[in-house]
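Peer 1: Compact mmCIF, C-alpha atoms and all ligand atoms, file run19.txt:
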```txt
# COMPACT_ATOMS: atom_id res chain seq x y z
CA MET R 1 -8.13 -32.86 -1.71
CA ARG R 2 -9.60 -30.86 -4.60
CA TYR R 3 -9.23 -27.17 -3.81
CA ALA R 4 -10.41 -23.87 -5.32
CA LEU R 5 -9.73 -20.23 -4.49
CA ILE R 6 -12.34 -17.51 -5.10
CA GLY R 7 -10.92 -13.96 -5.09
CA LEU R 8 -7.46 -13.39 -6.54
CA GLY R 9 -6.27 -10.13 -5.02
CA ARG R 10 -3.66 -9.09 -2.48
CA ILE R 11 -4.15 -11.98 -0.06
CA ALA R 12 -4.42 -14.65 -2.78
CA PRO R 13 -0.67 -15.53 -2.81
CA ASN R 14 -0.89 -16.53 0.88
CA HIS R 15 -3.75 -18.90 0.02
CA ILE R 16 -2.04 -20.44 -2.98
CA ARG R 17 1.18 -20.90 -0.98
CA ALA R 18 -0.77 -22.53 1.85
CA ALA R 19 -2.67 -24.79 -0.57
CA LYS R 20 0.58 -25.92 -2.20
CA SER R 21 2.47 -26.44 1.04
CA ASN R 22 -0.40 -28.57 2.35
CA GLY R 23 -0.43 -30.76 -0.75
CA LEU R 24 -3.85 -29.68 -2.02
CA GLU R 25 -4.78 -30.21 -5.64
CA ILE R 26 -5.61 -26.74 -6.96
CA VAL R 27 -8.36 -27.46 -9.48
CA ALA R 28 -9.82 -23.99 -10.07
CA VAL R 29 -9.66 -20.30 -9.26
CA CYS R 30 -12.19 -17.52 -9.71
CA CYS R 31 -12.24 -13.79 -9.93
CA ARG R 32 -15.02 -11.84 -11.53
CA ASP R 33 -12.89 -9.64 -13.77
CA PRO R 34 -11.54 -11.52 -16.85
CA GLU R 35 -8.44 -9.37 -17.28
CA GLU R 36 -7.61 -9.55 -13.57
CA LEU R 37 -8.14 -13.30 -13.78
CA ARG R 38 -5.68 -13.62 -16.66
CA LEU R 39 -3.04 -11.58 -14.84
CA ALA R 40 -3.60 -13.42 -11.56
CA MET R 41 -3.09 -16.84 -13.21
CA LYS R 42 0.31 -15.59 -14.32
CA ARG R 43 1.23 -13.81 -11.08
CA LEU R 44 0.26 -16.85 -9.00
CA GLU R 45 2.12 -19.17 -11.42
CA LEU R 46 -0.92 -21.36 -12.00
CA ASP R 47 -0.74 -23.86 -14.83
CA HIS R 48 -3.69 -23.53 -17.27
CA SER R 49 -3.56 -27.24 -18.06
CA LYS R 50 -4.28 -28.13 -14.40
CA VAL R 51 -6.14 -25.15 -12.94
CA ARG R 52 -9.40 -23.99 -14.52
CA ALA R 53 -10.11 -20.28 -14.43
CA TYR R 54 -13.60 -18.86 -13.84
CA THR R 55 -15.27 -15.49 -13.58
CA ASP R 56 -18.43 -17.01 -12.03
CA HIS R 57 -18.02 -18.93 -8.78
CA ARG R 58 -21.27 -20.86 -9.22
CA ARG R 59 -20.03 -22.31 -12.49
CA LEU R 60 -16.76 -23.21 -10.82
CA LEU R 61 -18.63 -25.04 -8.07
CA SER R 62 -20.88 -27.00 -10.42
CA GLU R 63 -18.18 -27.91 -12.94
CA CYS R 64 -15.25 -28.64 -10.61
CA ALA R 65 -16.90 -29.85 -7.37
CA PRO R 66 -14.02 -28.80 -5.11
CA GLU R 67 -13.88 -30.36 -1.64
CA LEU R 68 -12.33 -27.27 -0.04
CA VAL R 69 -12.85 -23.68 -1.17
CA ALA R 70 -11.18 -20.55 0.16
CA VAL R 71 -13.17 -17.32 -0.15
CA ALA R 72 -10.87 -14.30 -0.43
CA THR R 73 -13.07 -11.77 -2.18
CA SER R 74 -14.00 -8.31 -0.95
CA SER R 75 -15.61 -8.80 2.46
CA GLY R 76 -19.17 -7.93 1.44
CA ALA R 77 -19.18 -10.89 -0.96
CA HIS R 78 -17.98 -13.47 1.59
CA ALA R 79 -21.34 -14.59 2.95
CA GLN R 80 -23.18 -15.32 -0.31
CA ILE R 81 -20.20 -17.03 -1.91
CA ALA R 82 -19.49 -19.08 1.23
CA LEU R 83 -23.15 -20.14 1.38
CA ASP R 84 -23.02 -21.23 -2.27
CA CYS R 85 -19.86 -23.25 -1.52
CA ILE R 86 -21.44 -24.84 1.54
CA ASP R 87 -24.58 -25.72 -0.45
CA SER R 88 -22.37 -27.39 -3.07
CA GLY R 89 -20.98 -29.63 -0.32
CA ALA R 90 -17.54 -28.00 -0.06
CA ASN R 91 -15.68 -27.26 3.16
CA VAL R 92 -14.99 -23.53 3.38
CA LEU R 93 -12.20 -21.32 4.62
CA VAL R 94 -13.40 -17.73 4.55
CA GLU R 95 -11.27 -14.63 4.95
CA LYS R 96 -11.92 -12.22 7.78
CA PRO R 97 -14.31 -10.66 8.52
CA MET R 98 -16.38 -13.76 7.83
CA ALA R 99 -19.40 -11.60 6.92
CA MET R 100 -20.63 -8.03 7.27
CA SER R 101 -23.60 -8.95 9.48
CA LEU R 102 -24.34 -11.34 12.33
CA GLU R 103 -27.40 -12.60 10.48
CA ASP R 104 -25.18 -13.71 7.58
CA ALA R 105 -22.58 -15.21 9.96
CA ASP R 106 -25.32 -17.18 11.72
CA GLU R 107 -26.67 -18.46 8.41
CA MET R 108 -23.19 -19.60 7.36
CA ILE R 109 -22.74 -21.46 10.65
CA ARG R 110 -26.23 -22.99 10.45
CA ARG R 111 -25.90 -24.14 6.83
CA ALA R 112 -22.39 -25.59 7.36
CA ALA R 113 -23.73 -27.68 10.25
CA LEU R 114 -26.71 -28.75 8.16
CA LYS R 115 -24.55 -29.81 5.21
CA LYS R 116 -21.99 -31.36 7.58
CA VAL R 117 -19.09 -29.40 6.09
CA LYS R 118 -16.38 -27.49 7.95
CA LEU R 119 -16.35 -23.71 8.13
CA GLY R 120 -13.10 -22.00 9.13
CA VAL R 121 -12.15 -18.31 9.32
CA CYS R 122 -8.71 -16.88 8.49
CA HIS R 123 -7.64 -15.30 11.75
CA GLN R 124 -4.21 -16.73 11.06
CA ASN R 125 -2.31 -14.79 13.73
CA ARG R 126 -3.70 -17.22 16.29
CA PHE R 127 -1.08 -19.63 14.94
CA ASN R 128 1.87 -17.29 15.56
CA LYS R 129 4.29 -19.01 17.91
CA ALA R 130 4.16 -16.18 20.44
CA ILE R 131 0.36 -16.14 20.42
CA GLN R 132 0.19 -19.93 20.84
CA LYS R 133 2.58 -19.69 23.80
CA MET R 134 0.55 -16.86 25.34
CA HIS R 135 -2.70 -18.74 24.91
CA GLN R 136 -1.26 -21.90 26.44
CA ALA R 137 -0.23 -19.84 29.47
CA VAL R 138 -3.80 -18.52 29.77
CA GLU R 139 -5.23 -22.04 29.44
CA ASP R 140 -2.81 -23.36 32.07
CA GLN R 141 -3.73 -20.43 34.32
CA ALA R 142 -0.02 -19.63 34.53
CA LEU R 143 -0.81 -15.90 34.50
CA GLY R 144 -3.18 -16.25 37.45
CA ARG R 145 -6.44 -14.34 37.32
CA MET R 146 -6.72 -12.25 34.17
CA LEU R 147 -7.00 -8.60 35.11
CA TYR R 148 -6.46 -6.66 31.93
CA GLY R 149 -5.58 -7.06 28.28
CA THR R 150 -4.71 -4.53 25.60
CA ILE R 151 -4.53 -4.75 21.83
CA GLN R 152 -2.91 -1.96 19.89
CA VAL R 153 -2.97 -2.09 16.13
CA ARG R 154 -0.95 0.87 14.86
CA TRP R 155 -0.63 0.64 11.14
CA SER R 156 -0.51 2.92 8.15
CA ARG R 157 -2.83 2.94 5.13
CA GLY R 158 -2.69 5.86 2.74
CA GLU R 159 -4.93 7.09 -0.02
CA ALA R 160 -3.32 4.81 -2.62
CA TYR R 161 -4.34 1.77 -0.58
CA TYR R 162 -7.98 2.82 -0.43
CA ARG R 163 -8.06 3.87 -4.08
CA GLN R 164 -6.91 0.39 -5.22
CA ALA R 165 -10.43 -0.97 -5.16
CA ALA R 166 -13.87 0.62 -4.82
CA TRP R 167 -14.93 -1.72 -2.00
CA ARG R 168 -12.26 -0.56 0.45
CA GLY R 169 -13.52 1.52 3.36
CA THR R 170 -17.22 1.15 2.41
CA TRP R 171 -19.81 0.03 4.95
CA ALA R 172 -21.31 -2.50 2.55
CA ASP R 173 -18.09 -4.29 1.66
CA ASP R 174 -15.36 -3.52 4.19
CA GLY R 175 -16.05 -1.27 7.19
CA GLY R 176 -13.27 0.84 8.67
CA CYS R 177 -9.95 -0.05 10.24
CA LEU R 178 -11.49 -2.02 13.13
CA MET R 179 -13.42 -4.33 10.80
CA ASN R 180 -10.60 -4.75 8.30
CA GLN R 181 -7.17 -4.33 9.86
CA CYS R 182 -7.84 -4.65 13.62
CA ILE R 183 -10.23 -7.59 13.61
CA HIS R 184 -7.29 -10.01 13.96
CA GLY R 185 -6.20 -8.32 17.18
CA ILE R 186 -9.78 -8.05 18.42
CA ASP R 187 -10.14 -11.80 17.84
CA LEU R 188 -6.93 -12.42 19.82
CA LEU R 189 -7.95 -10.21 22.74
CA ARG R 190 -11.29 -11.99 23.08
CA TRP R 191 -9.68 -15.41 22.69
CA MET R 192 -7.26 -14.63 25.50
CA MET R 193 -9.46 -12.66 27.90
CA GLY R 194 -12.65 -14.71 27.68
CA ASN R 195 -15.48 -15.17 25.22
CA ASP R 196 -18.11 -13.75 27.56
CA VAL R 197 -18.27 -9.99 27.31
CA ILE R 198 -20.55 -7.80 29.45
CA ASP R 199 -20.29 -4.62 27.42
CA VAL R 200 -18.13 -2.34 25.34
CA THR R 201 -17.77 1.44 25.33
CA ALA R 202 -16.13 3.03 22.32
CA VAL R 203 -15.39 6.05 20.20
CA THR R 204 -14.39 6.01 16.56
CA ALA R 205 -13.21 8.77 14.25
CA ARG R 206 -12.22 9.40 10.69
CA GLN R 207 -9.20 11.63 10.91
CA ARG R 208 -7.24 11.29 7.71
CA HIS R 209 -9.26 9.54 5.02
CA PRO R 210 -12.22 11.68 3.88
CA TYR R 211 -12.75 9.42 0.83
CA ILE R 212 -13.75 6.34 2.88
CA GLU R 213 -17.02 5.71 4.72
CA GLY R 214 -15.64 3.92 7.76
CA GLU R 215 -13.41 4.92 10.67
CA ASP R 216 -9.62 5.14 10.64
CA LEU R 217 -9.31 5.28 14.43
CA GLY R 218 -11.15 3.22 17.03
CA LEU R 219 -10.77 3.19 20.83
CA ALA R 220 -12.77 0.84 23.02
CA ILE R 221 -13.00 -0.44 26.59
CA VAL R 222 -14.33 -3.96 27.08
CA ARG R 223 -15.67 -5.46 30.31
CA PHE R 224 -15.37 -9.24 30.41
CA ALA R 225 -17.73 -11.42 32.44
CA ASN R 226 -14.79 -12.96 34.33
CA GLY R 227 -13.92 -9.60 35.89
CA GLY R 228 -11.18 -8.71 33.40
CA TYR R 229 -11.01 -5.54 31.34
CA GLY R 230 -9.78 -4.98 27.82
CA MET R 231 -8.61 -1.97 25.87
CA ILE R 232 -8.69 -1.86 22.08
CA GLU R 233 -6.79 0.74 20.12
CA GLY R 234 -6.78 0.52 16.35
CA THR R 235 -5.66 2.94 13.71
CA VAL R 236 -4.36 3.09 10.16
CA ASN R 237 -3.15 6.67 10.61
CA CYS R 238 0.47 6.09 11.66
CA TYR R 239 2.90 8.30 9.86
CA ASP R 240 4.40 6.76 6.74
CA ASP R 241 4.57 3.07 7.69
CA ASP R 242 3.10 0.30 9.82
CA PHE R 243 4.35 0.66 13.36
CA GLU R 244 3.20 -2.35 15.38
CA GLU R 245 0.49 -4.73 16.51
CA ARG R 246 0.91 -5.43 20.20
CA LEU R 247 -1.11 -7.63 22.53
CA CYS R 248 -0.41 -7.46 26.29
CA LEU R 249 -1.95 -9.50 29.07
CA PHE R 250 -1.79 -8.62 32.74
CA GLY R 251 -2.67 -11.38 35.19
CA THR R 252 -2.15 -11.66 38.94
CA GLU R 253 0.83 -13.98 38.30
CA GLY R 254 2.29 -12.68 35.08
CA THR R 255 2.69 -10.03 32.40
CA VAL R 256 3.10 -11.13 28.79
CA CYS R 257 3.44 -8.87 25.75
CA VAL R 258 3.59 -9.93 22.13
CA GLY R 259 4.61 -7.24 19.65
CA GLY R 260 6.21 -6.92 16.25
CA LEU R 261 4.41 -5.81 13.11
CA ALA R 262 1.65 -8.38 13.55
CA THR R 263 1.84 -9.97 17.02
CA ASN R 264 4.78 -12.10 15.93
CA ARG R 265 7.44 -11.36 18.57
CA MET R 266 7.36 -12.37 22.23
CA GLU R 267 8.68 -9.19 23.82
CA THR R 268 7.87 -9.63 27.51
CA TRP R 269 7.49 -12.87 29.41
CA HIS R 270 7.39 -12.03 33.09
CA VAL R 271 5.67 -14.98 34.71
CA ARG R 272 5.91 -16.29 38.28
CA GLY R 273 8.39 -19.14 38.52
CA GLU R 274 10.00 -18.51 35.11
CA THR R 275 13.80 -18.60 35.32
CA ASP R 276 14.74 -17.99 31.69
CA ALA R 277 12.38 -15.41 30.26
CA ASP R 278 14.89 -14.41 27.58
CA ALA R 279 14.85 -17.95 26.18
CA VAL R 280 11.04 -17.99 26.14
CA CYS R 281 11.05 -14.70 24.19
CA ARG R 282 13.72 -15.92 21.79
CA GLU R 283 12.11 -19.29 21.12
CA ASN R 284 8.64 -17.86 20.59
CA SER R 285 9.39 -15.06 18.15
CA GLN R 286 9.19 -15.20 14.37
CA GLU R 287 10.06 -12.58 11.85
CA SER R 288 7.24 -11.49 9.60
CA GLU R 289 7.89 -9.98 6.19
CA ASN R 290 4.55 -8.17 6.21
CA VAL R 291 1.47 -7.73 8.36
CA TYR R 292 -0.23 -10.81 6.88
CA GLY R 293 2.34 -13.08 8.55
CA SER R 294 2.72 -16.71 7.56
CA GLY R 295 -0.21 -18.22 9.45
CA HIS R 296 -2.32 -19.21 6.44
CA ASP R 297 -0.26 -22.41 6.05
CA LEU R 298 -1.26 -23.44 9.56
CA VAL R 299 -4.89 -22.43 9.11
CA TYR R 300 -4.97 -24.77 6.09
CA ALA R 301 -3.16 -27.57 7.93
CA ASP R 302 -5.67 -27.32 10.77
CA MET R 303 -8.62 -27.35 8.33
CA LEU R 304 -7.33 -30.53 6.66
CA GLN R 305 -6.93 -32.18 10.04
CA ALA R 306 -10.41 -31.05 11.05
CA VAL R 307 -11.84 -32.71 7.93
CA ALA R 308 -9.81 -35.89 8.50
CA GLU R 309 -10.79 -36.12 12.17
CA ASP R 310 -14.32 -34.81 11.66
CA ARG R 311 -13.89 -32.06 14.26
CA SER R 312 -14.33 -28.28 14.17
CA PRO R 313 -11.46 -26.23 12.79
CA ALA R 314 -9.54 -24.38 15.51
CA ILE R 315 -10.89 -21.07 14.22
CA ASP R 316 -14.44 -22.00 13.35
CA GLY R 317 -17.53 -20.02 12.41
CA GLN R 318 -18.33 -19.22 16.05
CA ALA R 319 -14.84 -17.78 16.52
CA GLY R 320 -15.26 -15.65 13.41
CA ARG R 321 -18.66 -14.52 14.65
CA ARG R 322 -17.28 -13.47 18.05
CA ALA R 323 -14.73 -11.13 16.44
CA LEU R 324 -17.40 -9.71 14.13
CA GLU R 325 -19.82 -9.25 17.03
CA LEU R 326 -17.30 -7.26 19.06
CA VAL R 327 -16.47 -4.97 16.13
CA LEU R 328 -20.19 -4.34 15.48
CA ALA R 329 -20.75 -3.64 19.18
CA ILE R 330 -17.89 -1.12 19.11
CA TYR R 331 -19.47 0.61 16.11
CA ALA R 332 -22.86 0.68 17.83
CA SER R 333 -21.36 2.15 21.01
CA ALA R 334 -19.53 4.83 19.06
CA GLN R 335 -22.69 5.69 17.15
CA GLN R 336 -24.99 5.78 20.18
CA GLY R 337 -22.51 7.30 22.65
CA GLN R 338 -23.21 4.66 25.29
CA PRO R 339 -22.03 1.19 26.37
CA ILE R 340 -23.40 -1.71 24.33
CA SER R 341 -24.22 -4.98 26.09
CA LEU R 342 -23.32 -8.31 24.57
CA PRO R 343 -24.33 -10.79 23.28
CA LEU R 344 -25.70 -9.22 20.09
CA LEU R 345 -28.25 -11.35 18.28
CA LYS R 346 -28.17 -9.23 15.16
CA GLY R 347 -26.25 -6.35 13.66
CA SER R 348 -24.81 -5.23 10.37
CA ALA R 349 -22.09 -2.85 9.24
CA LEU R 350 -24.71 -1.26 7.00
CA ALA R 351 -26.34 0.22 10.10
CA PHE R 352 -23.46 2.70 10.30
CA ARG R 353 -23.95 4.09 6.82
CA SER R 354 -25.05 7.51 8.05
CA ASP R 355 -21.95 7.95 10.25
CA PHE R 356 -19.21 10.41 9.34
CA GLY R 357 -20.74 13.14 7.21
CA ALA R 358 -19.04 14.28 4.05
CA ASP R 359 -16.98 17.01 5.68
CA ASP R 360 -16.05 15.71 9.11
CA SER R 361 -12.57 14.58 8.22
N1 LIG R 401 -6.14 -12.71 6.71
C1 LIG R 401 -5.50 -11.60 6.39
O1 LIG R 401 -4.48 -11.24 6.97
C2 LIG R 401 -6.00 -10.77 5.25
C3 LIG R 401 -5.15 -9.88 4.61
C4 LIG R 401 -5.64 -9.14 3.54
C5 LIG R 401 -6.97 -9.26 3.15
N2 LIG R 401 -7.77 -10.10 3.84
C6 LIG R 401 -9.20 -10.24 3.47
O2 LIG R 401 -9.24 -10.92 2.23
C7 LIG R 401 -10.28 -10.39 1.41
C8 LIG R 401 -9.67 -9.92 0.10
O3 LIG R 401 -8.76 -8.88 0.35
P1 LIG R 401 -7.70 -8.43 -0.76
O4 LIG R 401 -6.86 -7.39 -0.13
O5 LIG R 401 -7.06 -9.63 -1.35
O6 LIG R 401 -8.71 -7.75 -1.82
P2 LIG R 401 -8.47 -7.44 -3.35
O7 LIG R 401 -9.38 -6.32 -3.73
O8 LIG R 401 -7.02 -7.30 -3.63
O9 LIG R 401 -8.99 -8.78 -4.06
C9 LIG R 401 -10.35 -9.16 -4.03
C10 LIG R 401 -10.57 -10.19 -5.13
O10 LIG R 401 -11.92 -10.70 -5.04
C11 LIG R 401 -12.48 -10.71 -6.36
N3 LIG R 401 -13.94 -10.69 -6.25
C12 LIG R 401 -14.72 -9.77 -5.63
N4 LIG R 401 -16.01 -10.13 -5.69
C13 LIG R 401 -16.04 -11.30 -6.36
C14 LIG R 401 -17.07 -12.19 -6.77
N5 LIG R 401 -18.34 -11.92 -6.47
N6 LIG R 401 -16.72 -13.30 -7.43
C15 LIG R 401 -15.43 -13.58 -7.72
N7 LIG R 401 -14.41 -12.79 -7.37
C16 LIG R 401 -14.71 -11.66 -6.71
C17 LIG R 401 -11.86 -9.52 -7.04
O11 LIG R 401 -11.99 -9.60 -8.44
C18 LIG R 401 -10.42 -9.64 -6.54
O12 LIG R 401 -9.73 -10.61 -7.28
C19 LIG R 401 -10.94 -9.28 2.23
O13 LIG R 401 -12.07 -9.81 2.87
C20 LIG R 401 -9.90 -8.91 3.26
O14 LIG R 401 -10.46 -8.43 4.46
C21 LIG R 401 -7.32 -10.87 4.85
```
Would you give me this structure, written as structure tokens?

Peer 2:
Amino acid sequence: MRYALIGLGRIAPNHIRAAKSNGLEIVAVCCRDPEELRLAMKRLELDHSKVRAYTDHRRLLSECAPELVAVATSSGAHAQIALDCIDSGANVLVEKPMAMSLEDADEMIRRAALKKVKLGVCHQNRFNKAIQKMHQAVEDQALGRMLYGTIQVRWSRGEAYYRQAAWRGTWADDGGCLMNQCIHGIDLLRWMMGNDVIDVTAVTARQRHPYIEGEDLGLAIVRFANGGYGMIEGTVNCYDDDFEERLCLFGTEGTVCVGGLATNRMETWHVRGETDADAVCRENSQESENVYGSGHDLVYADMLQAVAEDRSPAIDGQAGRRALELVLAIYASAQQGQPISLPLLKGSALAFRSDFGADDS
């Protein structure tokens, strides 16, 4: 399948690796800065005689007609580029968050359906072994009735990280730590605890990064329609280094916790009837060299299967929208100082532009 990647920054190597390991024919890449493009071709070891390099994604689409495009630009550019790809007839894998507004997410979903192309979102941690095992237990009702779930994303991002690119930490192009770093965990919590949410009550703060617009700490309580509760804790303020991303589920018949740097290690498997919990933990843990993990390969494999079988990708546009919706509801609750009911029909990160005055750090 003819493949192209748009956006050649930090996450690009994971996409190129996934494209290669899934046997895709990389026909073109794009990044809007010519010098960055030149360096990226080298860094990603792309062969100029096979891979065409563009600074304009629309030209790439019209001249190369890729069948699958991955969009890994700054988040604020995802929606328009993804829509252009969809309109060109390409299947699309878009990085998280899929868009900065629900209106844009809805348009992406609508247009993909109209053009009969697949739309997938890179919430790759869903494919971690431990997460797959946990989700299977939820599906099988092995944990009994779900009472409570917690996601804790405790990472570290310093000034140098935010200064790398002007889009980081802005409401138009990124959001704060919940929208960028914690959205994976927020996706997982919702996937495990139930898609139907009654409401969310939250506070956010900017404690250590006065040069960004968004939050660097977010705390939220979620009430699920099935009677379960969720707690979300996300920060990029940990001292010196990433600490952990931990997802715990508490059901009437079991307690399961997945930890590690990025929900990659099964740490607790305490489930009724289980006789060898240590083996379950051992067999369902993977080491992760960084917080991105290695799930992109599996996201790509699933997308190719989805195209071949003409089914939805496992993490489709609706899944991406649910994670985005919950983050936007958290922001709205923090801004208004009251619970926010779901579902949200509209909402945009730009609505939080006035939050965090210049000297509240
Ligand atoms: N799934 C994950 O675990 C994961 C990890 C990191 C980043 N991300 C997401 O991936 C995206 C990129 O993050 P990054 O850290 O690689 O950013 P980055 O700043 O390192 O790279 C962004 C790239 O997009 C290019 N770009 C921006 N606008 C463009 C446009 N209109 N046309 C063409 N190219 C354009 C830039 O030139 C740059 O090459 C973000 O949405 C981020 O949230 C996901």

Peer 1: Using all atoms listed in the file, which protein or nucleic acid residues are at most 6 Å from ligand LIG 401 (chain R), as a PDB file with C-alpha atoms, in the frame of the given file?

Peer 2:
```pdb
ATOM      1  CA  ILE R   6     -12.340 -17.510  -5.100  1.00  0.00           C
ATOM      2  CA  GLY R   7     -10.920 -13.960  -5.090  1.00  0.00           C
ATOM      3  CA  LEU R   8      -7.460 -13.390  -6.540  1.00  0.00           C
ATOM      4  CA  GLY R   9      -6.270 -10.130  -5.020  1.00  0.00           C
ATOM      5  CA  ARG R  10      -3.660  -9.090  -2.480  1.00  0.00           C
ATOM      6  CA  ILE R  11      -4.150 -11.980  -0.060  1.00  0.00           C
ATOM      7  CA  ALA R  12      -4.420 -14.650  -2.780  1.00  0.00           C
ATOM      8  CA  CYS R  30     -12.190 -17.520  -9.710  1.00  0.00           C
ATOM      9  CA  CYS R  31     -12.240 -13.790  -9.930  1.00  0.00           C
ATOM     10  CA  ARG R  32     -15.020 -11.840 -11.530  1.00  0.00           C
ATOM     11  CA  ASP R  33     -12.890  -9.640 -13.770  1.00  0.00           C
ATOM     12  CA  HIS R  57     -18.020 -18.930  -8.780  1.00  0.00           C
ATOM     13  CA  ALA R  72     -10.870 -14.300  -0.430  1.00  0.00           C
ATOM     14  CA  THR R  73     -13.070 -11.770  -2.180  1.00  0.00           C
ATOM     15  CA  SER R  74     -14.000  -8.310  -0.950  1.00  0.00           C
ATOM     16  CA  SER R  75     -15.610  -8.800   2.460  1.00  0.00           C
ATOM     17  CA  ALA R  77     -19.180 -10.890  -0.960  1.00  0.00           C
ATOM     18  CA  GLU R  95     -11.270 -14.630   4.950  1.00  0.00           C
ATOM     19  CA  LYS R  96     -11.920 -12.220   7.780  1.00  0.00           C
ATOM     20  CA  CYS R 122      -8.710 -16.880   8.490  1.00  0.00           C
ATOM     21  CA  HIS R 123      -7.640 -15.300  11.750  1.00  0.00           C
ATOM     22  CA  ALA R 165     -10.430  -0.970  -5.160  1.00  0.00           C
ATOM     23  CA  ASN R 180     -10.600  -4.750   8.300  1.00  0.00           C
ATOM     24  CA  TYR R 292      -0.230 -10.810   6.880  1.00  0.00           C
TER      25      TYR R 292
END
```

Peer 1: List as a Markdown table every residue of range 187-206 of chain R that is in contact with range 249-268 of chain R, defined as an atom at most 10 Å from one of its atoms (using only C-alpha atoms), together with the nearest atom pair and the distance in Å rounded to one decimal, sorted by chain and then rising number.

Peer 2:
```
| residue | atom | partner | partner_atom | distance |
| --- | --- | --- | --- | --- |
| R:Leu188 | CA | R:Thr263 | CA | 9.5 |
| R:Leu189 | CA | R:Leu249 | CA | 8.8 |
| R:Met192 | CA | R:Leu249 | CA | 8.2 |
| R:Met193 | CA | R:Leu249 | CA | 8.2 |
```

Peer 1: Which value, in Å to one decimal, gives the distance between CA of His296 in chain R and CA of Ile16 in chain R?

Peer 2: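 Going from CA of His296 in chain R over to CA of Ile16 in chain R, I get 9.5 Å.
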
Peer 1: Could you jot down the CA of Leu178 in chain R to CA of Arg111 in chain R separation for me, Å, one decimal place?

Peer 2: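 So the two atoms, CA of Leu178 in chain R and CA of Arg111 in chain R, lie 27.1 Å apart.
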
Peer 1: What are the nearest atom pairs, with distances in Å to one decimal, for all residues of range 56-166 of chain R that come at most 10 Å from range 270-291 of chain R, using all atoms listed in the file, set out by chain and rising residue number as CSV?

Peer 2:
```
residue,atom,partner,partner_atom,distance
R:Asn125,CA,R:Val291,CA,9.6
R:Asn128,CA,R:Gln286,CA,7.7
R:Lys129,CA,R:Asn284,CA,5.2
R:Ala130,CA,R:Asn284,CA,4.8
R:Ile131,CA,R:Asn284,CA,8.5
R:Gln132,CA,R:Asn284,CA,8.7
R:Lys133,CA,R:Asn284,CA,7.1
R:Met134,CA,R:Asn284,CA,9.4
R:Ala137,CA,R:Val271,CA,9.3
R:Ala142,CA,R:Val271,CA,7.4
R:Leu143,CA,R:Val271,CA,6.5
R:Gly144,CA,R:Arg272,CA,9.1
R:Trp155,CA,R:Val291,CA,9.1
```

Peer 1: Taking C-alpha atoms for each residue, export the selection above as a PDB file, keeping the file's coordinate frame.

Peer 2:
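Heads up, here's the output in part-v5.pdb:
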```
ATOM      1  CA  ASN R 125      -2.310 -14.790  13.730  1.00  0.00           C
ATOM      2  CA  ASN R 128       1.870 -17.290  15.560  1.00  0.00           C
ATOM      3  CA  LYS R 129       4.290 -19.010  17.910  1.00  0.00           C
ATOM      4  CA  ALA R 130       4.160 -16.180  20.440  1.00  0.00           C
ATOM      5  CA  ILE R 131       0.360 -16.140  20.420  1.00  0.00           C
ATOM      6  CA  GLN R 132       0.190 -19.930  20.840  1.00  0.00           C
ATOM      7  CA  LYS R 133       2.580 -19.690  23.800  1.00  0.00           C
ATOM      8  CA  MET R 134       0.550 -16.860  25.340  1.00  0.00           C
ATOM      9  CA  ALA R 137      -0.230 -19.840  29.470  1.00  0.00           C
ATOM     10  CA  ALA R 142      -0.020 -19.630  34.530  1.00  0.00           C
ATOM     11  CA  LEU R 143      -0.810 -15.900  34.500  1.00  0.00           C
ATOM     12  CA  GLY R 144      -3.180 -16.250  37.450  1.00  0.00           C
ATOM     13  CA  TRP R 155      -0.630   0.640  11.140  1.00  0.00           C
TER      14      TRP R 155
END
```

Peer 1: Between CA of Ala99 in chain R and CA of His78 in chain R, what is the distance, to one decimal in Å?

Peer 2: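 Separation between CA of Ala99 in chain R and CA of His78 in chain R: 5.8 Å.
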
Peer 1: Which residue, R:Val200, R:Ala112, R:Leu342, R:Ala225, has the smallest gap to Ile330 in chain R when you use only C-alpha atoms?

Peer 2: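 Smallest separation from Ile330 in chain R among the options: R:Val200.
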
Peer 1: Under the rule that all atoms listed in the file are counted, which of R:Met146, R:Ile183, R:Ile315, R:Val29 is the nearest residue to Val94 in chain R?

Peer 2: R:Ile315
